file data.cif (mmCIF, C-alpha atoms and all ligand atoms)
data_my_file
loop_
_atom_site.label_atom_id
_atom_site.label_comp_id
_atom_site.auth_asym_id
_atom_site.auth_seq_id
_atom_site.Cartn_x
_atom_site.Cartn_y
_atom_site.Cartn_z
CA MET A 12 -38.38 -73.95 -54.97
CA PHE A 13 -36.03 -74.88 -52.13
CA PHE A 14 -33.41 -72.59 -50.64
CA GLY A 15 -30.24 -73.00 -48.63
CA GLN A 16 -28.61 -75.77 -46.64
CA HIS A 17 -31.79 -76.31 -44.61
CA ARG A 18 -33.86 -77.10 -47.74
CA ILE A 19 -36.46 -74.50 -46.88
CA GLU A 20 -39.44 -74.36 -49.27
CA ILE A 21 -39.80 -70.83 -50.68
CA LYS A 22 -43.29 -69.90 -51.90
CA THR A 23 -44.27 -67.61 -54.76
CA PRO A 24 -46.80 -64.86 -53.93
CA GLU A 25 -49.48 -66.97 -55.65
CA GLN A 26 -48.58 -69.98 -53.49
CA VAL A 27 -48.77 -67.81 -50.37
CA ARG A 28 -52.31 -66.90 -51.43
CA SER A 29 -53.14 -70.61 -51.62
CA MET A 30 -51.78 -70.99 -48.10
CA ARG A 31 -53.94 -68.05 -47.02
CA ALA A 32 -57.00 -69.99 -48.22
CA ALA A 33 -56.01 -72.92 -45.99
CA GLY A 34 -55.15 -70.58 -43.13
CA LEU A 35 -58.51 -68.84 -43.20
CA VAL A 36 -60.32 -72.18 -43.04
CA VAL A 37 -58.21 -73.13 -40.01
CA GLY A 38 -58.86 -69.75 -38.36
CA ARG A 39 -62.61 -69.90 -38.96
CA THR A 40 -62.75 -73.53 -37.78
CA LEU A 41 -60.95 -72.68 -34.53
CA ALA A 42 -63.40 -69.80 -33.98
CA ARG A 43 -66.34 -72.20 -34.43
CA VAL A 44 -64.82 -74.73 -32.03
CA ARG A 45 -64.06 -71.99 -29.49
CA ASP A 46 -67.70 -70.91 -29.59
CA ALA A 47 -68.79 -74.49 -28.89
CA VAL A 48 -66.58 -74.97 -25.81
CA ARG A 49 -68.69 -75.13 -22.66
CA PRO A 50 -69.18 -77.40 -19.63
CA GLY A 51 -70.80 -80.69 -20.68
CA VAL A 52 -69.41 -80.86 -24.21
CA THR A 53 -67.09 -83.74 -25.14
CA THR A 54 -63.85 -83.36 -27.03
CA ALA A 55 -65.22 -85.76 -29.66
CA GLN A 56 -68.11 -83.34 -30.27
CA LEU A 57 -65.61 -80.53 -30.84
CA ASP A 58 -63.69 -82.75 -33.26
CA ALA A 59 -66.83 -83.56 -35.26
CA LEU A 60 -67.65 -79.86 -35.49
CA ALA A 61 -64.12 -79.09 -36.69
CA GLU A 62 -64.09 -81.81 -39.35
CA ALA A 63 -67.45 -80.64 -40.71
CA SER A 64 -66.20 -77.04 -40.76
CA ILE A 65 -63.05 -77.97 -42.69
CA ARG A 66 -64.86 -80.18 -45.21
CA ASP A 67 -67.75 -77.73 -45.70
CA GLU A 68 -65.14 -75.19 -46.82
CA GLY A 69 -63.78 -77.62 -49.43
CA CYS A 70 -60.62 -78.49 -47.50
CA VAL A 71 -59.22 -81.69 -45.99
CA PRO A 72 -58.15 -82.09 -42.34
CA SER A 73 -54.34 -82.30 -42.10
CA PHE A 74 -54.29 -84.26 -38.85
CA LEU A 75 -56.63 -87.14 -39.72
CA GLY A 76 -54.46 -90.21 -40.39
CA TYR A 77 -51.22 -88.30 -39.76
CA GLY A 78 -48.21 -90.15 -38.39
CA GLU A 79 -47.82 -93.56 -36.79
CA PRO A 80 -50.01 -94.77 -35.23
CA PRO A 81 -52.31 -92.71 -37.51
CA PHE A 82 -53.84 -89.78 -35.61
CA PRO A 83 -57.57 -90.59 -35.47
CA ALA A 84 -59.09 -87.07 -35.49
CA SER A 85 -59.17 -83.65 -37.15
CA ILE A 86 -58.12 -81.67 -34.08
CA CYS A 87 -55.84 -82.25 -31.15
CA ALA A 88 -57.76 -81.60 -27.93
CA SER A 89 -55.44 -81.28 -24.93
CA VAL A 90 -57.06 -80.63 -21.54
CA ASN A 91 -55.39 -79.12 -18.43
CA ASP A 92 -52.06 -80.97 -17.88
CA GLU A 93 -52.14 -82.26 -21.46
CA VAL A 94 -49.81 -80.05 -23.53
CA VAL A 95 -50.35 -81.07 -27.15
CA HIS A 96 -51.52 -83.99 -29.33
CA GLY A 97 -54.49 -84.98 -27.14
CA ILE A 98 -56.87 -87.38 -28.91
CA PRO A 99 -60.54 -86.29 -28.89
CA GLY A 100 -62.93 -88.73 -27.24
CA GLY A 101 -65.57 -89.08 -24.57
CA ARG A 102 -63.98 -86.72 -22.05
CA VAL A 103 -66.57 -84.23 -20.82
CA LEU A 104 -65.32 -80.68 -20.24
CA THR A 105 -66.13 -79.18 -16.86
CA GLU A 106 -66.06 -75.60 -15.59
CA GLY A 107 -62.55 -74.49 -14.73
CA ASP A 108 -60.85 -76.70 -17.36
CA VAL A 109 -58.70 -75.31 -20.14
CA ILE A 110 -58.54 -76.99 -23.53
CA SER A 111 -55.88 -76.46 -26.17
CA ILE A 112 -57.25 -77.06 -29.65
CA ASP A 113 -54.84 -77.56 -32.55
CA CYS A 114 -56.19 -77.70 -36.09
CA GLY A 115 -54.77 -78.13 -39.58
CA ALA A 116 -56.36 -77.99 -43.04
CA ILE A 117 -55.22 -78.54 -46.62
CA ALA A 118 -56.50 -76.28 -49.44
CA PHE A 119 -55.93 -77.36 -53.04
CA ASP A 120 -54.86 -74.95 -55.79
CA ASP A 121 -55.93 -75.13 -59.44
CA ALA A 122 -53.11 -77.58 -60.19
CA GLY A 123 -54.29 -79.90 -57.42
CA GLN A 124 -51.36 -79.09 -55.13
CA GLY A 125 -52.31 -79.10 -51.45
CA TRP A 126 -51.25 -76.23 -49.15
CA HIS A 127 -51.36 -76.49 -45.36
CA GLY A 128 -52.46 -74.18 -42.57
CA ASP A 129 -51.83 -74.99 -38.88
CA ALA A 130 -52.94 -73.08 -35.79
CA ALA A 131 -53.86 -73.64 -32.17
CA THR A 132 -55.55 -71.81 -29.33
CA THR A 133 -56.26 -72.46 -25.67
CA VAL A 134 -59.82 -71.92 -24.45
CA ALA A 135 -61.11 -71.53 -20.89
CA VAL A 136 -64.16 -73.61 -19.99
CA GLY A 137 -66.05 -70.99 -18.02
CA PRO A 138 -64.10 -69.16 -15.29
CA VAL A 139 -60.60 -70.56 -14.66
CA ARG A 140 -58.05 -70.01 -11.88
CA ASP A 141 -56.21 -66.69 -12.06
CA ASP A 142 -52.83 -68.35 -12.61
CA VAL A 143 -54.26 -70.37 -15.49
CA ALA A 144 -55.79 -67.27 -17.11
CA GLU A 145 -52.40 -65.53 -16.78
CA LEU A 146 -50.64 -68.58 -18.31
CA MET A 147 -52.97 -68.29 -21.32
CA ARG A 148 -52.30 -64.56 -21.69
CA VAL A 149 -48.52 -65.02 -21.46
CA THR A 150 -48.50 -67.87 -23.99
CA GLU A 151 -50.62 -66.01 -26.56
CA GLU A 152 -48.57 -62.83 -26.16
CA ALA A 153 -45.35 -64.85 -26.54
CA LEU A 154 -46.69 -66.18 -29.86
CA TRP A 155 -47.31 -62.63 -31.11
CA ARG A 156 -43.90 -61.45 -29.92
CA GLY A 157 -42.40 -64.29 -31.95
CA LEU A 158 -44.44 -63.46 -35.05
CA ALA A 159 -43.55 -59.78 -34.76
CA ALA A 160 -39.82 -60.63 -34.61
CA ALA A 161 -39.83 -62.18 -38.12
CA ARG A 162 -38.39 -60.15 -40.97
CA SER A 163 -36.59 -60.77 -44.25
CA GLY A 164 -32.85 -60.95 -43.59
CA GLY A 165 -33.39 -62.03 -39.98
CA ARG A 166 -32.94 -65.47 -38.53
CA VAL A 167 -35.19 -68.14 -37.03
CA GLY A 168 -33.40 -67.54 -33.72
CA ASP A 169 -34.88 -64.02 -33.64
CA ILE A 170 -38.34 -65.60 -33.34
CA SER A 171 -37.21 -68.15 -30.74
CA HIS A 172 -35.53 -65.46 -28.64
CA ALA A 173 -38.59 -63.19 -28.77
CA VAL A 174 -40.83 -66.01 -27.52
CA ALA A 175 -38.54 -67.13 -24.69
CA SER A 176 -37.49 -63.69 -23.48
CA TYR A 177 -41.12 -62.63 -23.16
CA VAL A 178 -42.09 -65.80 -21.26
CA HIS A 179 -39.12 -65.61 -18.89
CA GLY A 180 -39.83 -61.94 -18.25
CA GLU A 181 -43.35 -62.72 -17.07
CA GLY A 182 -42.55 -65.30 -14.39
CA ALA A 183 -41.38 -68.80 -13.55
CA TYR A 184 -43.02 -70.57 -16.48
CA GLY A 185 -41.79 -73.73 -18.19
CA ILE A 186 -41.04 -73.66 -21.92
CA VAL A 187 -41.70 -77.19 -23.16
CA ASP A 188 -38.58 -78.72 -24.63
CA GLY A 189 -38.47 -81.17 -27.52
CA TYR A 190 -41.46 -79.76 -29.42
CA THR A 191 -41.10 -76.83 -31.79
CA GLY A 192 -42.72 -74.78 -34.51
CA HIS A 193 -41.84 -75.68 -38.07
CA GLY A 194 -41.72 -74.82 -41.72
CA ILE A 195 -45.03 -75.44 -43.52
CA GLY A 196 -46.35 -75.40 -47.08
CA THR A 197 -46.83 -78.43 -49.33
CA ALA A 198 -46.54 -80.50 -46.12
CA MET A 199 -47.57 -79.70 -42.56
CA HIS A 200 -44.14 -80.26 -41.02
CA MET A 201 -41.14 -79.09 -43.06
CA GLU A 202 -37.72 -77.59 -42.47
CA PRO A 203 -36.75 -75.61 -40.50
CA ASP A 204 -37.63 -76.25 -36.86
CA VAL A 205 -38.75 -73.09 -35.04
CA PRO A 206 -37.71 -73.61 -31.39
CA ASN A 207 -39.34 -71.66 -28.56
CA GLU A 208 -35.94 -70.76 -27.13
CA GLY A 209 -32.85 -69.60 -29.00
CA ARG A 210 -30.31 -66.91 -29.70
CA PRO A 211 -31.06 -63.88 -31.87
CA GLY A 212 -29.06 -63.74 -35.08
CA ARG A 213 -28.67 -67.53 -35.18
CA GLY A 214 -30.34 -70.28 -37.16
CA PRO A 215 -31.67 -70.41 -40.73
CA ARG A 216 -32.10 -67.10 -42.52
CA LEU A 217 -35.59 -65.66 -43.04
CA ARG A 218 -36.52 -64.35 -46.49
CA GLU A 219 -39.56 -63.43 -48.56
CA GLY A 220 -41.59 -66.53 -49.45
CA ILE A 221 -40.78 -68.47 -46.28
CA ALA A 222 -43.74 -69.85 -44.29
CA LEU A 223 -43.46 -70.99 -40.69
CA ALA A 224 -45.68 -72.12 -37.84
CA VAL A 225 -44.78 -70.56 -34.47
CA GLU A 226 -46.21 -72.42 -31.47
CA PRO A 227 -45.16 -71.76 -27.87
CA MET A 228 -46.13 -74.52 -25.42
CA ILE A 229 -45.86 -73.12 -21.90
CA THR A 230 -46.44 -74.74 -18.49
CA LEU A 231 -47.19 -73.52 -14.98
CA GLY A 232 -44.53 -75.81 -13.56
CA ASP A 233 -41.57 -77.76 -14.81
CA PRO A 234 -41.34 -78.04 -18.63
CA ALA A 235 -40.66 -81.82 -18.63
CA THR A 236 -43.24 -83.93 -20.48
CA ASP A 237 -44.16 -87.57 -21.08
CA VAL A 238 -46.14 -89.26 -23.84
CA ALA A 239 -49.25 -91.09 -22.61
CA ALA A 240 -50.06 -94.74 -23.28
CA ASP A 241 -52.14 -93.75 -26.34
CA ALA A 242 -48.77 -92.92 -28.03
CA TRP A 243 -49.90 -89.34 -28.83
CA THR A 244 -50.99 -87.27 -25.84
CA VAL A 245 -48.12 -85.18 -24.40
CA VAL A 246 -48.63 -84.49 -20.68
CA THR A 247 -46.56 -82.54 -18.16
CA SER A 248 -44.54 -84.86 -15.93
CA ASP A 249 -45.42 -82.88 -12.80
CA GLY A 250 -49.14 -82.49 -13.59
CA GLY A 251 -48.89 -78.71 -14.05
CA TRP A 252 -51.29 -77.18 -16.52
CA ALA A 253 -50.21 -75.99 -19.97
CA ALA A 254 -51.22 -73.62 -22.75
CA HIS A 255 -50.51 -73.78 -26.50
CA TYR A 256 -51.05 -71.08 -29.11
CA GLU A 257 -49.99 -71.31 -32.75
CA HIS A 258 -50.22 -69.40 -36.01
CA THR A 259 -48.89 -69.99 -39.52
CA PHE A 260 -47.31 -66.93 -41.15
CA ALA A 261 -45.58 -66.08 -44.41
CA LEU A 262 -43.04 -63.35 -45.10
CA THR A 263 -44.13 -61.23 -48.07
CA GLU A 264 -42.34 -58.27 -49.63
CA ARG A 265 -44.26 -56.05 -47.20
CA GLY A 266 -43.78 -57.98 -43.97
CA VAL A 267 -45.48 -60.65 -41.85
CA TRP A 268 -48.78 -62.11 -43.02
CA VAL A 269 -50.40 -64.28 -40.33
CA LEU A 270 -52.25 -66.68 -42.60
CA THR A 271 -54.34 -68.37 -39.89
CA ALA A 272 -55.55 -65.10 -38.28
CA GLU A 273 -58.79 -63.79 -39.74
CA ASP A 274 -57.38 -60.23 -39.97
CA GLY A 275 -54.02 -61.52 -41.20
CA GLY A 276 -52.52 -60.46 -37.89
CA ARG A 277 -52.77 -56.79 -38.78
CA ALA A 278 -54.04 -55.47 -35.43
CA ARG A 279 -51.56 -57.30 -33.17
CA LEU A 280 -48.57 -56.79 -35.47
CA GLU A 281 -49.21 -53.06 -35.72
CA GLN A 282 -49.54 -52.83 -31.91
CA LEU A 283 -46.10 -54.44 -31.67
CA GLY A 284 -44.59 -52.17 -34.31
CA ALA A 285 -44.10 -54.95 -36.88
CA ALA A 286 -44.72 -54.57 -40.62
CA TYR A 287 -47.99 -56.19 -41.71
CA GLY A 288 -47.42 -58.18 -44.89
CA GLY A 289 -50.96 -59.06 -46.02
CA ASP A 290 -52.95 -57.74 -48.94
MG MG B 1 -50.65 -77.22 -34.89
MG MG B 2 -47.70 -76.92 -35.86
#
call {"tool": "encode", "arguments": {"input": "data.cif", "output": "structure tokens"}}
result
Amino acid sequence: MFFGQHRIEIKTPEQVRSMRAAGLVVGRTLARVRDAVRPGVTTAQLDALAEASIRDEGCVPSFLGYGEPPFPASICASVNDEVVHGIPGGRVLTEGDVISIDCGAIAFDDAGQGWHGDAATTVAVGPVRDDVAELMRVTEEALWRGLAAARSGGRVGDISHAVASYVHGEGAYGIVDGYTGHGIGTAMHMEPDVPNEGRPGRGPRLREGIALAVEPMITLGDPATDVAADAWTVVTSDGGWAAHYEHTFALTERGVWVLTAEDGGRARLEQLGAAYGGD
């Protein structure tokens, strides 16, 4: 069912449970990849691990073959000044690097309909510079502030404002422009866009059954980016390092259910005073 002028896909509670199945596979896969990050590993090795994890759980990688030119891997692996959409390959991680790993999976319901989950995390390769560790903390906390700002009857701009106001309050960080979170469900990228900056009370209305991916992309320097010659990898124009965290959530009758977090987001949402919407 679609709702409103923005053609937002509204899920039934049963469909949200199908999305939870996809989300859990994404969350567990990211945990496995995180555990495998260490100096000497290649991003292609992390991709192989992720694809096996997704397929072993009976799901299909969302990213493989996506877009034009078709994305050639099951994760995006973006290192240091790479923001998002990095293509896994022979690059060897070294101590002090940070790697942002983005992962999507499709779970199929009894009718054969596919449901998507999408999440990302940034991982330190051994000890990293203090400013990089702080960038990671700020970006992850901004994600949770955004998730905690979602409620039925609110607006997408409430999420955007919560992300940006937290980031700006923590220092002179760049909020990457031109890339946003998004609606998600029967496809990975759906209406509406979920910008990382915006005004509270503005934008499409939030209601029970909506599912969105929130994904702040934050830089240590200027937020301007370029796309590399491989047509996918987004890099900062000034070479500053970046972090990227993402979760998929649904609004249920009880509140926010973070479908790609193993605990459904319960712990962080309750810390922030938000209603937890999971089972
Ligand atoms: Mg993603
Ligand atoms: Mg996404």
call {"tool": "residues_around", "arguments": {"input": "data.cif", "residues": "Gly251 in chain A", "least_positions_apart": "5", "cutoff": "10 Å", "atoms": "all atoms listed in the file", "output": "PyMOL selection string"}}
result
chain A and resi 91-94+185+230-235+246
call {"tool": "closest_residue", "arguments": {"input": "data.cif", "among": "A:Leu41, A:Val109, A:Ala224, A:Leu217", "to": "Met147 in chain A", "atoms": "all atoms listed in the file"}}
result
A:Val109
call {"tool": "residues_around", "arguments": {"input": "data.cif", "residues": "Pro138 in chain A", "least_positions_apart": "3", "cutoff": "9 Å", "atoms": "all atoms listed in the file", "output": "compact mmCIF listing (two decimals) with C-alpha atoms, in the coordinates of the input"}}
result
# COMPACT_ATOMS: atom_id res chain seq x y z
CA GLU A 106 -66.06 -75.60 -15.59
CA GLY A 107 -62.55 -74.49 -14.73
CA ASP A 108 -60.85 -76.70 -17.36
CA ALA A 135 -61.11 -71.53 -20.89
CA ASP A 141 -56.21 -66.69 -12.06
CA ALA A 144 -55.79 -67.27 -17.11
call {"tool": "closest_residue", "arguments": {"input": "data.cif", "among": "A:Pro83, A:Gly100, A:Phe13, A:Arg18", "to": "Thr54 in chain A", "atoms": "only C-alpha atoms"}}
result
A:Gly100
call {"tool": "closest_atom_pairs", "arguments": {"input": "data.cif", "of": "chain A", "to": "ligand MG 1 (chain B)", "cutoff": "8 Å", "atoms": "only C-alpha atoms and all ligand atoms", "output": "tab-separated table"}}
result
residue	atom	partner	partner_atom	distance
A:Asp113	CA	B:MG1	MG	4.8
A:Cys114	CA	B:MG1	MG	5.7
A:Gly115	CA	B:MG1	MG	6.3
A:Asp129	CA	B:MG1	MG	4.7
A:Ala130	CA	B:MG1	MG	4.8
A:Ala131	CA	B:MG1	MG	5.5
A:Ala224	CA	B:MG1	MG	7.7
A:Glu226	CA	B:MG1	MG	7.4
A:Glu257	CA	B:MG1	MG	6.3
A:His258	CA	B:MG1	MG	7.9
call {"tool": "atom_distance", "arguments": {"input": "data.cif", "atom1": "CA of Asp46 in chain A", "atom2": "CA of Leu146 in chain A"}}
result
20.6 Å
call {"tool": "residues_around", "arguments": {"input": "data.cif", "residues": "Arg162 in chain A", "least_positions_apart": "2", "cutoff": "12 Å", "atoms": "all atoms listed in the file", "output": "PyMOL selection string"}}
result
chain A and resi 157-160+164-170+212+216-223+260-268+285-288
call {"tool": "atom_distance", "arguments": {"input": "data.cif", "atom1": "CA of Arg156 in chain A", "atom2": "CA of Val174 in chain A"}}
result
6.0 Å
call {"tool": "residues_around", "arguments": {"input": "data.cif", "residues": "range 197-207 of chain A", "least_positions_apart": "4", "cutoff": "7 Å", "atoms": "only C-alpha atoms", "output": "PyMOL selection string"}}
result
chain A and resi 17-19+125-127+167+171+174-175+191-193+225+227
call {"tool": "write_last_selection", "arguments": {"input": "data.cif", "atoms": "C-alpha atoms", "output": "mmCIF file, in the coordinates of the input"}}
result
data_model
loop_
_atom_site.group_PDB
_atom_site.id
_atom_site.type_symbol
_atom_site.label_atom_id
_atom_site.label_comp_id
_atom_site.auth_asym_id
_atom_site.auth_seq_id
_atom_site.Cartn_x
_atom_site.Cartn_y
_atom_site.Cartn_z
ATOM 1 C CA HIS A 17 -31.790 -76.310 -44.610
ATOM 2 C CA ARG A 18 -33.860 -77.100 -47.740
ATOM 3 C CA ILE A 19 -36.460 -74.500 -46.880
ATOM 4 C CA GLY A 125 -52.310 -79.100 -51.450
ATOM 5 C CA TRP A 126 -51.250 -76.230 -49.150
ATOM 6 C CA HIS A 127 -51.360 -76.490 -45.360
ATOM 7 C CA VAL A 167 -35.190 -68.140 -37.030
ATOM 8 C CA SER A 171 -37.210 -68.150 -30.740
ATOM 9 C CA VAL A 174 -40.830 -66.010 -27.520
ATOM 10 C CA ALA A 175 -38.540 -67.130 -24.690
ATOM 11 C CA THR A 191 -41.100 -76.830 -31.790
ATOM 12 C CA GLY A 192 -42.720 -74.780 -34.510
ATOM 13 C CA HIS A 193 -41.840 -75.680 -38.070
ATOM 14 C CA VAL A 225 -44.780 -70.560 -34.470
ATOM 15 C CA PRO A 227 -45.160 -71.760 -27.870
#
call {"tool": "closest_residue", "arguments": {"input": "data.cif", "among": "A:Thr23, A:Ser64, A:Thr105, A:Ser163", "to": "Gly51 in chain A", "atoms": "all atoms listed in the file"}}
result
A:Thr105
call {"tool": "atom_distance", "arguments": {"input": "data.cif", "atom1": "CA of Arg277 in chain A", "atom2": "CA of Asp290 in chain A"}}
result
10.2 Å
call {"tool": "build_atoms", "arguments": {"input": "data.cif", "residues": "range 190-200 of chain A", "atoms": "all heavy atoms", "output": "short mmCIF file (atom, residue, chain, number, x, y, z; two decimals), keeping the file's coordinate frame"}}
result
data_model
loop_
_atom_site.label_atom_id
_atom_site.label_comp_id
_atom_site.auth_asym_id
_atom_site.auth_seq_id
_atom_site.Cartn_x
_atom_site.Cartn_y
_atom_site.Cartn_z
N TYR A 190 -40.39 -80.00 -28.44
CA TYR A 190 -41.46 -79.76 -29.42
C TYR A 190 -41.29 -78.33 -29.91
O TYR A 190 -41.04 -77.42 -29.11
CB TYR A 190 -42.84 -79.95 -28.79
CG TYR A 190 -43.06 -81.36 -28.30
CD1 TYR A 190 -42.71 -81.72 -26.99
CD2 TYR A 190 -43.55 -82.35 -29.15
CE1 TYR A 190 -42.86 -83.01 -26.54
CE2 TYR A 190 -43.71 -83.66 -28.70
CZ TYR A 190 -43.37 -83.98 -27.39
OH TYR A 190 -43.51 -85.28 -26.95
N THR A 191 -41.41 -78.13 -31.21
CA THR A 191 -41.10 -76.83 -31.79
C THR A 191 -42.13 -76.45 -32.86
O THR A 191 -42.90 -77.30 -33.31
CB THR A 191 -39.72 -76.85 -32.49
OG1 THR A 191 -39.80 -77.69 -33.66
CG2 THR A 191 -38.61 -77.35 -31.56
N GLY A 192 -42.09 -75.17 -33.27
CA GLY A 192 -42.72 -74.78 -34.51
C GLY A 192 -41.92 -75.34 -35.68
O GLY A 192 -40.91 -76.03 -35.49
N HIS A 193 -42.35 -74.96 -36.90
CA HIS A 193 -41.84 -75.68 -38.07
C HIS A 193 -42.15 -74.93 -39.36
O HIS A 193 -43.10 -74.15 -39.42
CB HIS A 193 -42.49 -77.07 -38.12
CG HIS A 193 -43.99 -77.04 -37.96
ND1 HIS A 193 -44.86 -76.94 -39.01
CD2 HIS A 193 -44.76 -77.04 -36.85
CE1 HIS A 193 -46.10 -76.91 -38.55
NE2 HIS A 193 -46.07 -76.95 -37.24
N GLY A 194 -41.35 -75.24 -40.38
CA GLY A 194 -41.72 -74.82 -41.72
C GLY A 194 -43.00 -75.53 -42.14
O GLY A 194 -43.35 -76.59 -41.62
N ILE A 195 -43.74 -74.90 -43.08
CA ILE A 195 -45.03 -75.44 -43.52
C ILE A 195 -45.29 -74.97 -44.94
O ILE A 195 -44.83 -73.90 -45.33
CB ILE A 195 -46.14 -75.01 -42.54
CG1 ILE A 195 -47.50 -75.58 -42.95
CG2 ILE A 195 -46.19 -73.48 -42.36
CD1 ILE A 195 -48.58 -75.40 -41.88
N GLY A 196 -46.02 -75.77 -45.70
CA GLY A 196 -46.35 -75.40 -47.08
C GLY A 196 -47.00 -76.56 -47.79
O GLY A 196 -48.17 -76.86 -47.52
N THR A 197 -46.26 -77.26 -48.65
CA THR A 197 -46.83 -78.43 -49.33
C THR A 197 -46.94 -79.62 -48.37
O THR A 197 -47.57 -80.63 -48.72
CB THR A 197 -45.97 -78.83 -50.54
OG1 THR A 197 -44.62 -79.01 -50.12
CG2 THR A 197 -46.03 -77.75 -51.62
N ALA A 198 -46.34 -79.53 -47.21
CA ALA A 198 -46.54 -80.50 -46.12
C ALA A 198 -46.76 -79.72 -44.84
O ALA A 198 -46.44 -78.53 -44.76
CB ALA A 198 -45.34 -81.44 -45.99
N MET A 199 -47.31 -80.40 -43.82
CA MET A 199 -47.57 -79.70 -42.56
C MET A 199 -46.28 -79.43 -41.79
O MET A 199 -46.11 -78.36 -41.22
CB MET A 199 -48.54 -80.51 -41.69
CG MET A 199 -48.87 -79.85 -40.37
SD MET A 199 -50.33 -80.53 -39.57
CE MET A 199 -49.86 -82.24 -39.32
N HIS A 200 -45.39 -80.41 -41.77
CA HIS A 200 -44.14 -80.26 -41.02
C HIS A 200 -42.97 -80.32 -41.98
O HIS A 200 -42.71 -81.35 -42.60
CB HIS A 200 -44.02 -81.37 -39.96
CG HIS A 200 -45.03 -81.24 -38.87
ND1 HIS A 200 -45.78 -82.29 -38.40
CD2 HIS A 200 -45.42 -80.15 -38.15
CE1 HIS A 200 -46.58 -81.86 -37.43
NE2 HIS A 200 -46.40 -80.58 -37.27
#
